[in-house]
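Colleague: mmCIF, C-alpha atoms, file target.cif:
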```
data_final
loop_
_atom_site.label_atom_id
_atom_site.label_comp_id
_atom_site.auth_asym_id
_atom_site.auth_seq_id
_atom_site.Cartn_x
_atom_site.Cartn_y
_atom_site.Cartn_z
CA MET A 1 28.16 8.43 21.23
CA SER A 2 24.80 6.73 21.34
CA LEU A 3 23.14 5.18 18.33
CA MET A 4 20.36 7.78 18.42
CA GLN A 5 22.88 10.63 18.39
CA ARG A 6 24.91 9.15 15.57
CA ILE A 7 21.83 8.67 13.43
CA SER A 8 20.66 12.20 14.25
CA LEU A 9 23.98 13.78 13.28
CA ILE A 10 24.37 11.87 10.05
CA PHE A 11 20.79 12.39 9.01
CA ARG A 12 20.90 16.11 9.72
CA ALA A 13 24.18 16.56 7.85
CA LYS A 14 22.75 14.80 4.81
CA ALA A 15 19.52 16.80 4.91
CA ASP A 16 21.43 20.10 5.19
CA LYS A 17 23.67 19.20 2.30
CA ALA A 18 20.63 18.53 0.13
CA LEU A 19 19.56 22.19 0.40
CA ASP A 20 22.01 24.30 -1.56
CA ARG A 21 22.44 27.83 -0.40
CA ALA A 22 22.83 30.86 -2.63
CA GLU A 23 25.09 33.87 -1.89
CA ASP A 24 22.19 36.06 -0.91
CA PRO A 25 20.30 34.26 1.87
CA ARG A 26 17.02 35.68 0.61
CA GLU A 27 17.53 34.05 -2.76
CA THR A 28 18.18 30.84 -0.92
CA LEU A 29 14.78 31.20 0.70
CA ASP A 30 13.02 31.34 -2.65
CA TYR A 31 15.07 28.52 -4.06
CA SER A 32 14.40 26.35 -1.05
CA TYR A 33 10.69 27.10 -1.21
CA LYS A 34 10.62 25.94 -4.81
CA ARG A 35 12.32 22.69 -3.78
CA GLN A 36 9.74 22.21 -1.05
CA LEU A 37 6.89 22.55 -3.53
CA ASP A 38 8.60 20.04 -5.83
CA LEU A 39 8.88 17.58 -2.97
CA LEU A 40 5.25 18.16 -2.02
CA SER A 41 4.06 17.22 -5.49
CA LYS A 42 6.37 14.22 -5.45
CA VAL A 43 4.78 12.98 -2.22
CA ARG A 44 1.31 13.43 -3.68
CA ARG A 45 2.31 11.42 -6.74
CA GLY A 46 3.69 8.81 -4.37
CA VAL A 47 0.33 8.56 -2.58
CA ALA A 48 -1.45 8.10 -5.93
CA ASP A 49 1.03 5.42 -7.04
CA VAL A 50 0.62 3.42 -3.87
CA ALA A 51 -3.17 3.70 -4.13
CA THR A 52 -3.04 2.37 -7.70
CA SER A 53 -1.00 -0.63 -6.61
CA ARG A 54 -3.37 -1.27 -3.72
CA LYS A 55 -6.38 -1.25 -6.03
CA ARG A 56 -4.66 -3.63 -8.39
CA VAL A 57 -4.03 -6.09 -5.57
CA GLU A 58 -7.65 -5.73 -4.42
CA LEU A 59 -8.81 -6.55 -7.94
CA GLN A 60 -6.69 -9.68 -7.93
CA VAL A 61 -8.04 -10.73 -4.55
CA GLY A 62 -11.55 -10.31 -6.02
CA GLN A 63 -10.70 -12.48 -9.02
CA LEU A 64 -9.24 -15.21 -6.86
CA GLN A 65 -12.26 -15.02 -4.55
CA GLN A 66 -14.59 -15.63 -7.51
CA GLN A 67 -12.58 -18.62 -8.58
CA SER A 68 -12.53 -19.93 -5.07
CA ASP A 69 -16.33 -19.60 -4.78
CA LYS A 70 -16.67 -21.44 -8.05
CA LEU A 71 -14.59 -24.30 -6.73
CA THR A 72 -16.78 -24.51 -3.61
CA GLN A 73 -19.86 -24.78 -5.83
CA GLN A 74 -18.18 -27.44 -7.89
CA ALA A 75 -17.30 -29.40 -4.77
CA GLN A 76 -20.92 -29.21 -3.57
CA LYS A 77 -22.23 -30.32 -6.93
CA ALA A 78 -19.74 -33.16 -7.17
CA LEU A 79 -20.73 -34.33 -3.70
CA SER A 80 -24.44 -34.20 -4.50
CA LEU A 81 -23.71 -36.41 -7.49
CA GLY A 82 -21.85 -38.82 -5.28
CA ARG A 83 -18.41 -38.01 -6.68
CA GLU A 84 -16.34 -37.52 -3.55
CA ASP A 85 -13.09 -37.79 -5.51
CA LEU A 86 -14.01 -34.78 -7.68
CA ALA A 87 -15.15 -32.81 -4.65
CA ARG A 88 -11.84 -33.51 -2.98
CA GLU A 89 -9.92 -32.37 -6.06
CA ALA A 90 -11.89 -29.11 -6.22
CA LEU A 91 -11.27 -28.42 -2.53
CA THR A 92 -7.57 -29.15 -2.90
CA ARG A 93 -7.32 -26.56 -5.66
CA LYS A 94 -9.33 -24.16 -3.56
CA SER A 95 -6.89 -24.43 -0.69
CA ALA A 96 -4.04 -23.43 -3.01
CA LEU A 97 -6.03 -20.34 -3.98
CA THR A 98 -6.74 -19.57 -0.34
CA GLN A 99 -2.99 -19.39 0.29
CA GLN A 100 -2.55 -16.99 -2.61
CA MET A 101 -5.37 -14.83 -1.34
CA ALA A 102 -3.97 -14.63 2.18
CA ASP A 103 -0.65 -13.55 0.69
CA LEU A 104 -2.28 -10.87 -1.45
CA GLN A 105 -4.37 -9.69 1.48
CA ALA A 106 -1.20 -9.16 3.50
CA GLN A 107 0.28 -7.18 0.61
CA ARG A 108 -2.86 -5.11 0.40
CA ASP A 109 -2.66 -4.27 4.10
CA GLN A 110 0.98 -3.30 3.77
CA LEU A 111 0.24 -1.02 0.82
CA GLN A 112 -2.64 0.51 2.74
CA GLY A 113 -0.22 1.21 5.61
CA GLU A 114 2.23 2.91 3.24
CA GLU A 115 -0.58 4.92 1.72
CA GLU A 116 -1.72 6.19 5.11
CA LYS A 117 1.83 6.99 6.15
CA LEU A 118 2.51 8.95 2.97
CA THR A 119 -0.80 10.77 3.22
CA LEU A 120 0.12 11.92 6.73
CA ALA A 121 3.63 12.85 5.57
CA SER A 122 2.18 14.95 2.78
CA GLN A 123 -0.15 16.73 5.22
CA ARG A 124 2.75 17.44 7.59
CA LEU A 125 4.95 18.71 4.80
CA GLN A 126 2.14 20.86 3.47
CA ALA A 127 1.73 22.52 6.89
CA LYS A 128 5.48 23.04 7.27
CA VAL A 129 5.88 24.44 3.76
CA GLU A 130 3.09 26.90 4.50
CA SER A 131 4.82 27.88 7.72
CA PHE A 132 8.10 28.34 5.87
CA ARG A 133 6.44 30.53 3.25
CA THR A 134 5.07 32.84 5.94
CA GLN A 135 8.43 33.11 7.68
CA LYS A 136 10.16 33.64 4.34
CA GLU A 137 7.95 36.62 3.50
CA THR A 138 8.45 38.10 6.97
CA ILE A 139 12.21 37.71 6.74
CA LYS A 140 12.37 39.22 3.27
CA ALA A 141 10.20 42.16 4.24
CA LYS A 142 11.77 43.01 7.60
CA TYR A 143 15.43 42.21 7.54
CA THR A 144 18.55 43.05 5.60
CA ALA A 145 20.55 40.21 4.15
CA ALA A 146 22.96 40.16 7.08
CA GLU A 147 20.27 40.21 9.75
CA ALA A 148 18.22 37.61 7.99
CA SER A 149 20.80 34.86 8.11
CA THR A 150 20.19 33.66 11.69
CA ARG A 151 16.46 33.52 11.19
CA ILE A 152 16.93 31.81 7.88
CA ASN A 153 19.13 29.20 9.49
CA GLU A 154 16.44 28.42 12.04
CA ALA A 155 13.75 28.03 9.41
CA PHE A 156 16.11 26.02 7.26
CA SER A 157 17.15 23.40 9.74
CA GLY A 158 13.51 22.72 10.57
CA ILE A 159 12.42 22.37 6.97
CA SER A 160 15.49 20.49 5.73
CA GLU A 161 15.01 17.79 8.34
CA GLU A 162 11.37 17.43 7.36
CA MET A 163 12.27 17.30 3.68
CA GLY A 164 14.90 14.64 4.32
CA ASP A 165 12.37 12.61 6.28
CA VAL A 166 9.57 12.93 3.72
CA GLY A 167 12.04 12.15 0.95
CA MET A 168 12.92 8.97 2.81
CA ALA A 169 9.25 8.04 3.29
CA VAL A 170 8.61 8.44 -0.45
CA GLN A 171 11.68 6.39 -1.32
CA ARG A 172 10.67 3.55 0.99
CA ALA A 173 7.10 3.53 -0.32
CA GLU A 174 8.44 3.43 -3.89
CA ASP A 175 10.72 0.50 -3.08
CA LYS A 176 7.96 -1.48 -1.41
CA THR A 177 5.49 -0.76 -4.19
CA ALA A 178 8.00 -1.82 -6.83
CA GLN A 179 8.55 -5.16 -5.07
CA MET A 180 4.84 -5.80 -4.85
CA GLN A 181 4.23 -4.76 -8.43
CA ALA A 182 6.67 -7.42 -9.53
CA ARG A 183 4.78 -10.03 -7.51
CA SER A 184 1.32 -8.93 -8.59
CA GLY A 185 2.61 -8.85 -12.16
CA ALA A 186 3.40 -12.53 -11.76
CA ILE A 187 -0.14 -13.20 -10.53
CA ASP A 188 -1.62 -11.23 -13.44
CA GLU A 189 0.39 -13.43 -15.77
CA LEU A 190 -0.87 -16.54 -14.03
CA ILE A 191 -4.45 -15.36 -14.38
CA ALA A 192 -3.92 -14.35 -18.02
CA SER A 193 -2.22 -17.62 -18.90
CA GLY A 194 -5.26 -19.51 -17.66
CA ALA A 195 -3.28 -21.47 -15.10
CA LEU A 196 -5.59 -20.25 -12.35
CA ASP A 197 -8.64 -20.29 -14.62
CA ASP A 198 -8.03 -23.95 -15.34
CA VAL A 199 -8.08 -24.64 -11.67
CA SER A 200 -11.32 -22.87 -11.01
CA ALA A 201 -12.90 -23.14 -14.44
CA ILE A 202 -14.76 -19.95 -15.13
CA ASN A 203 -14.83 -21.28 -18.66
CA ARG A 204 -15.63 -24.89 -19.31
CA GLY A 205 -12.16 -25.97 -20.22
CA ASP A 206 -11.10 -27.84 -17.12
CA ASP A 207 -11.42 -31.46 -16.17
CA ILE A 208 -13.60 -31.03 -13.08
CA SER A 209 -16.17 -29.03 -15.05
CA ARG A 210 -16.16 -31.50 -17.90
CA GLU A 211 -16.77 -34.45 -15.61
CA LEU A 212 -19.45 -32.57 -13.69
CA ASP A 213 -21.15 -31.54 -16.92
CA ALA A 214 -21.07 -35.08 -18.20
CA LEU A 215 -22.42 -36.36 -14.89
CA SER A 216 -25.16 -33.81 -14.65
CA SER A 217 -26.28 -34.23 -18.26
CA THR A 218 -26.57 -37.97 -17.60
CA SER A 219 -28.57 -37.33 -14.47
CA ASP A 220 -30.65 -34.68 -16.27
CA VAL A 221 -31.55 -37.24 -18.90
CA GLU A 222 -32.47 -39.72 -16.20
CA SER A 223 -34.64 -37.28 -14.30
CA GLU A 224 -36.34 -36.04 -17.46
CA LEU A 225 -37.02 -39.59 -18.45
CA ALA A 226 -38.48 -40.21 -15.01
CA ALA A 227 -40.64 -37.11 -15.40
CA LEU A 228 -41.86 -38.25 -18.81
CA LYS A 229 -42.75 -41.65 -17.43
CA ALA A 230 -44.63 -39.98 -14.60
CA GLY A 231 -46.26 -37.65 -17.17
CA THR A 232 -48.30 -40.50 -18.65
CA SER A 233 -50.37 -40.18 -15.49
CA ALA A 234 -52.92 -37.39 -14.88
CA GLY A 235 -50.95 -34.21 -13.99
CA ALA A 236 -49.03 -33.95 -17.23
CA ALA A 237 -51.81 -33.07 -19.70
CA PRO A 238 -52.94 -29.68 -18.26
CA GLN A 239 -49.32 -28.58 -18.01
CA ALA A 240 -48.77 -29.24 -21.69
CA LEU A 241 -51.93 -27.29 -22.57
CA GLU A 242 -50.85 -24.27 -20.55
CA ALA A 243 -47.54 -24.26 -22.29
CA GLY A 244 -49.32 -24.43 -25.64
CA ASP A 245 -51.49 -21.44 -24.72
CA THR A 246 -48.65 -19.09 -23.94
CA THR A 247 -46.47 -19.75 -26.96
CA PRO A 248 -48.69 -18.54 -29.86
CA PRO A 249 -49.21 -14.90 -28.61
CA ALA A 250 -45.46 -14.51 -28.34
CA GLN A 251 -45.09 -15.53 -31.96
CA VAL A 252 -47.81 -13.08 -33.06
CA GLU A 253 -46.09 -10.24 -31.26
CA ALA A 254 -42.81 -11.09 -32.86
CA ALA A 255 -44.15 -11.01 -36.41
CA PRO A 256 -44.93 -7.25 -36.82
CA VAL A 257 -41.49 -6.41 -35.51
CA ALA A 258 -39.87 -8.52 -38.17
CA GLU A 259 -41.92 -7.05 -41.05
CA PRO A 260 -40.75 -3.41 -41.02
CA GLY A 261 -37.23 -4.76 -41.10
CA ARG A 262 -38.02 -6.71 -44.22
CA GLU A 263 -39.72 -3.75 -45.91
CA GLY A 264 -36.76 -1.52 -45.06
CA GLY A 265 -34.40 -4.03 -46.56
CA GLN A 266 -36.16 -4.37 -49.94
CA PRO A 267 -35.92 -0.92 -51.61
CA MET B 1 13.21 17.69 23.82
CA ILE B 2 12.07 17.06 20.25
CA VAL B 3 12.39 13.52 18.92
CA ARG B 4 11.71 12.53 15.34
CA ILE B 5 10.73 9.01 14.35
CA LEU B 6 11.64 8.87 10.68
CA THR B 7 8.69 8.59 8.26
CA GLU B 8 6.34 9.11 11.20
CA GLY B 9 6.81 12.64 12.57
CA GLN B 10 8.11 14.59 15.55
CA TYR B 11 7.25 14.22 19.24
CA ASP B 12 7.78 16.54 22.15
CA VAL B 13 9.23 14.39 24.93
CA ALA B 14 9.86 15.55 28.50
CA ASP B 15 13.58 15.83 29.28
CA ASP B 16 13.39 13.50 32.26
CA ARG B 17 12.54 10.64 29.91
CA LEU B 18 15.98 10.79 28.35
CA ASP B 19 17.58 8.27 30.74
CA GLY B 20 14.94 5.69 29.92
CA LEU B 21 15.40 6.31 26.20
CA ASN B 22 19.18 5.96 26.55
CA GLU B 23 18.77 2.54 28.14
CA LEU B 24 16.56 1.35 25.32
CA ASP B 25 18.99 2.90 22.88
CA SER B 26 21.96 0.92 24.18
CA ALA B 27 19.95 -2.29 23.88
CA LEU B 28 19.25 -1.35 20.28
CA GLU B 29 22.90 -0.58 19.65
CA LYS B 30 23.96 -3.98 21.03
CA ALA B 31 21.46 -5.70 18.76
CA VAL B 32 22.84 -3.84 15.72
CA GLU B 33 26.41 -4.73 16.64
CA ALA B 34 25.50 -8.37 17.21
CA GLY B 35 23.50 -8.50 14.00
CA ASP B 36 20.60 -9.97 16.00
CA ALA B 37 17.49 -9.23 13.94
CA VAL B 38 15.00 -10.43 16.58
CA ALA B 39 16.54 -8.41 19.41
CA PHE B 40 16.81 -5.50 17.00
CA SER B 41 13.12 -5.33 16.14
CA GLN B 42 12.15 -5.83 19.79
CA SER B 43 14.38 -3.07 21.10
CA LEU B 44 13.51 -0.71 18.24
CA GLY B 45 9.82 -1.30 18.96
CA ALA B 46 10.35 -0.63 22.67
CA LEU B 47 12.32 2.56 21.99
CA LEU B 48 9.75 3.96 19.55
CA ASP B 49 6.87 3.04 21.86
CA ALA B 50 8.57 4.88 24.71
CA VAL B 51 8.76 8.00 22.52
CA ARG B 52 5.15 7.69 21.35
CA THR B 53 3.71 7.11 24.81
CA GLY B 54 6.09 9.41 26.69
CA GLY B 55 5.73 12.32 24.27
CA SER B 56 3.06 14.26 22.46
CA PRO B 57 3.03 14.76 18.67
CA LEU B 58 4.45 18.11 17.60
CA ALA B 59 2.01 20.32 15.69
CA ALA B 60 2.46 19.85 11.93
CA ASP B 61 3.17 23.51 11.19
CA VAL B 62 6.01 23.87 13.70
CA LEU B 63 9.39 24.31 12.01
CA GLN B 64 11.83 22.97 14.54
CA ASP B 65 14.76 20.62 14.19
CA SER B 66 14.90 17.55 16.37
CA ASP B 67 17.29 16.79 19.22
CA LEU B 68 17.12 13.11 18.39
CA ILE B 69 16.26 11.25 15.21
CA LEU B 70 15.20 7.62 15.31
CA PRO B 71 14.88 5.01 12.53
CA PRO B 72 11.47 4.19 11.01
CA SER B 73 9.43 1.53 12.84
CA ASP B 74 9.76 -0.96 9.98
CA ALA B 75 13.51 -0.46 9.55
CA THR B 76 15.79 -3.47 9.22
CA ILE B 77 19.27 -3.85 10.74
CA GLU B 78 20.74 -3.36 7.27
CA GLU B 79 18.90 -0.09 6.85
CA VAL B 80 20.11 1.20 10.20
CA ARG B 81 23.67 0.26 9.28
CA GLU B 82 23.19 2.14 6.04
CA LEU B 83 21.84 5.16 7.95
CA LEU B 84 24.99 5.05 10.05
CA GLY B 85 27.15 4.84 6.94
CA ASP B 86 28.62 1.60 8.28
CA ASP B 87 28.75 -0.20 4.97
CA GLY B 88 32.35 0.88 4.47
CA LEU B 89 32.08 0.78 0.71
CA ILE B 90 31.38 4.40 -0.06
CA PRO B 91 34.11 6.75 1.14
CA GLY B 92 33.15 10.11 2.65
#
```
Please, can you express the file's structure as structure tokens?

Modeller:
Amino acid sequence: MSLMQRISLIFRAKADKALDRAEDPRETLDYSYKRQLDLLSKVRRGVADVATSRKRVELQVGQLQQQSDKLTQQAQKALSLGREDLAREALTRKSALTQQMADLQAQRDQLQGEEEKLTLASQRLQAKVESFRTQKETIKAKYTAAEASTRINEAFSGISEEMGDVGMAVQRAEDKTAQMQARSGAIDELIASGALDDVSAINRGDDISRELDALSSTSDVESELAALKAGTSAGAAPQALEAGDTTPPAQVEAAPVAEPGREGGQP
Amino acid sequence: MIVRILTEGQYDVADDRLDGLNELDSALEKAVEAGDAVAFSQSLGALLDAVRTGGSPLAADVLQDSDLILPPSDATIEEVRELLGDDGLIPG
């Protein structure tokens, strides 16, 4: 027997076994319909679960992207300050992040694929369940229990195969999502622990930032000094006057605001 | 002839395509027996493509059982063995 036929037989036998039959075939119809609705809501939950996981991975990709951009800026700044060694270090760290991001992007695509597959499965099942409901009502209205059994068998084998298939799709999506959740959990931990933060330095804690800050404050001092020296020549005086003109009105405006607060506080 | 690709849906395939499918199927079977993962994914891909291109999707609201049922496109050899009940550990 061919592989296709063996799989078909085994799959069908399993799917049929999953649908218990009652003594009265018409009761079986109602029972089966209830099971179909249960499965339908399970598939819909599955779609929502996969979507949640996908969004979580997207969020992580976004976080890593920010950190990566930050490292690029740091590299540019380091280079402009003549520190090629720092720029190199920043770019090295960035390339590690790029790897992580490519990995997450692949996971995202896979989750998206599962989501689409499950969405289609849920639409198919919905249509078949609706079809089954119509046939069920017809059979119950028109036929006696004995007559109904052939028709019921036909409707059953169609729906049980679909239910087995959809059940399998949900199971596979759940397995894949669980694997990825474990991995993205690890990345969340990395982000939370600051291991990735340290690399890209959103806060000022890391070594590249500290060196850059030190460098740029030194060069700021130098350039300010240069500006002051230049300021002894003509252009500097009017600038200082303009600055003096704008400051006092701001102080006057601020005063009345502060006073009601003081009055309110005293009684 | 109705063919189901698991987790994907059912296709209506003309009966005269069966010989071609059988050829692809025996290649797949050999790959499973040999435990050759590369040959397996190639022949599974070829078999499923033949169904997709040679058949038309069955309307979603049709309640009909399939003449043939095929593994999902992303199935592994292990999964197919499991589908076949070849693990030998669970009796019955």

Colleague: Taking all atoms listed in the file into account, what are the residues of chain A at most 8 Å from chain B, put as a ChimeraX atom specification?

Modeller: /A:2-8,10-11,117,121,123-125,127-132,154-155,157-159,161,165-166,168-169

Colleague: Could you write out the selected residues, including C-alpha atoms, as a short mmCIF file (atom, residue, chain, number, x, y, z; two decimals), in the frame of the given file?

Modeller:
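New file part.cif:
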```
data_model
loop_
_atom_site.label_atom_id
_atom_site.label_comp_id
_atom_site.auth_asym_id
_atom_site.auth_seq_id
_atom_site.Cartn_x
_atom_site.Cartn_y
_atom_site.Cartn_z
CA SER A 2 24.80 6.73 21.34
CA LEU A 3 23.14 5.18 18.33
CA MET A 4 20.36 7.78 18.42
CA GLN A 5 22.88 10.63 18.39
CA ARG A 6 24.91 9.15 15.57
CA ILE A 7 21.83 8.67 13.43
CA SER A 8 20.66 12.20 14.25
CA ILE A 10 24.37 11.87 10.05
CA PHE A 11 20.79 12.39 9.01
CA LYS A 117 1.83 6.99 6.15
CA ALA A 121 3.63 12.85 5.57
CA GLN A 123 -0.15 16.73 5.22
CA ARG A 124 2.75 17.44 7.59
CA LEU A 125 4.95 18.71 4.80
CA ALA A 127 1.73 22.52 6.89
CA LYS A 128 5.48 23.04 7.27
CA VAL A 129 5.88 24.44 3.76
CA GLU A 130 3.09 26.90 4.50
CA SER A 131 4.82 27.88 7.72
CA PHE A 132 8.10 28.34 5.87
CA GLU A 154 16.44 28.42 12.04
CA ALA A 155 13.75 28.03 9.41
CA SER A 157 17.15 23.40 9.74
CA GLY A 158 13.51 22.72 10.57
CA ILE A 159 12.42 22.37 6.97
CA GLU A 161 15.01 17.79 8.34
CA ASP A 165 12.37 12.61 6.28
CA VAL A 166 9.57 12.93 3.72
CA MET A 168 12.92 8.97 2.81
CA ALA A 169 9.25 8.04 3.29
#
```

Colleague: If I take atom CA of Lys34 of chain A and atom CA of Ser149 of chain A, how far is one from the other in Å, to one decimal?

Modeller: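 Computing the Euclidean distance for atom CA of Lys34 of chain A and atom CA of Ser149 of chain A yields 18.7 Å.
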
Colleague: Using only C-alpha atoms, find the one residue out of A:Arg172, A:Asp207, A:Ala87, A:Gln100 that sits nearest to Thr76 of chain B.

Modeller: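 Of A:Arg172, A:Asp207, A:Ala87, A:Gln100, the one nearest Thr76 of chain B, counting only C-alpha atoms, is A:Arg172.
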
Colleague: Mind telling me what the PyMOL selection byres ((chain A and resi 137) around 12) catches here, as a PyMOL selection string?

Modeller: chain A and resi 26-27+29-30+33+130-136+138-143+148+151-152+155

Colleague: I'd like the contact shell of segment 70-80 of chain A - 9 Å cut-off, only C-alpha atoms, skipping same-chain residues fewer than 2 positions apart - returned as a list in words.

Modeller: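 Returned residues: Gln65, Gln66, Gln67, Ser68, Gly82, Arg83, Glu84, Asp85, Leu86, Ala87, Arg88, Glu89, Ala90, Leu91, Arg93, Lys94, Val199, Ser200, Ala201, Ile202, Ile208, Ser209, Leu212, Leu215 and Ser216 of chain A.
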
Colleague: Quote the spacing between atom CA of Gln105 of chain A and atom CA of Ser73 of chain B in Å to one decimal place.

Modeller: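 Computing the Euclidean distance for atom CA of Gln105 of chain A and atom CA of Ser73 of chain B yields 21.1 Å.
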
Colleague: What gap, in Å, lies between atom CA of Gln171 of chain A and atom CA of Ser43 of chain B?

Modeller: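 Atom CA of Gln171 of chain A sits 24.5 Å away from atom CA of Ser43 of chain B.
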
Colleague: Would you mind listing what lies within 7 Å of segment 11-16 of chain B as an MDAnalysis selection string, with only C-alpha atoms counted and same-chain residues fewer than 2 positions away left out?

Modeller: chainID B and resid 1:4 9 18:19 51 54:58

Colleague: What residues come out when you apply the PyMOL selection byres ((chain A and resi 102) around 12) to this file, written as a PyMOL selection string?

Modeller: chain A and resi 57-58+60-62+64-65+95-101+103-109

Colleague: Any chance you could work out the residue set of the PyMOL selection byres ((chain A and resi 53) around 9) here, as an mmCIF file with C-alpha atoms, in the frame of the given file?

Modeller:
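Written file, result-v1.cif:
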```
data_model
loop_
_atom_site.group_PDB
_atom_site.id
_atom_site.type_symbol
_atom_site.label_atom_id
_atom_site.label_comp_id
_atom_site.auth_asym_id
_atom_site.auth_seq_id
_atom_site.Cartn_x
_atom_site.Cartn_y
_atom_site.Cartn_z
ATOM 1 C CA ALA A 48 -1.450 8.100 -5.930
ATOM 2 C CA ASP A 49 1.030 5.420 -7.040
ATOM 3 C CA VAL A 50 0.620 3.420 -3.870
ATOM 4 C CA ALA A 51 -3.170 3.700 -4.130
ATOM 5 C CA THR A 52 -3.040 2.370 -7.700
ATOM 6 C CA ARG A 54 -3.370 -1.270 -3.720
ATOM 7 C CA LYS A 55 -6.380 -1.250 -6.030
ATOM 8 C CA ARG A 56 -4.660 -3.630 -8.390
ATOM 9 C CA VAL A 57 -4.030 -6.090 -5.570
ATOM 10 C CA GLU A 58 -7.650 -5.730 -4.420
ATOM 11 C CA ARG A 108 -2.860 -5.110 0.400
ATOM 12 C CA LEU A 111 0.240 -1.020 0.820
ATOM 13 C CA THR A 177 5.490 -0.760 -4.190
ATOM 14 C CA MET A 180 4.840 -5.800 -4.850
ATOM 15 C CA GLN A 181 4.230 -4.760 -8.430
ATOM 16 C CA SER A 184 1.320 -8.930 -8.590
#
```
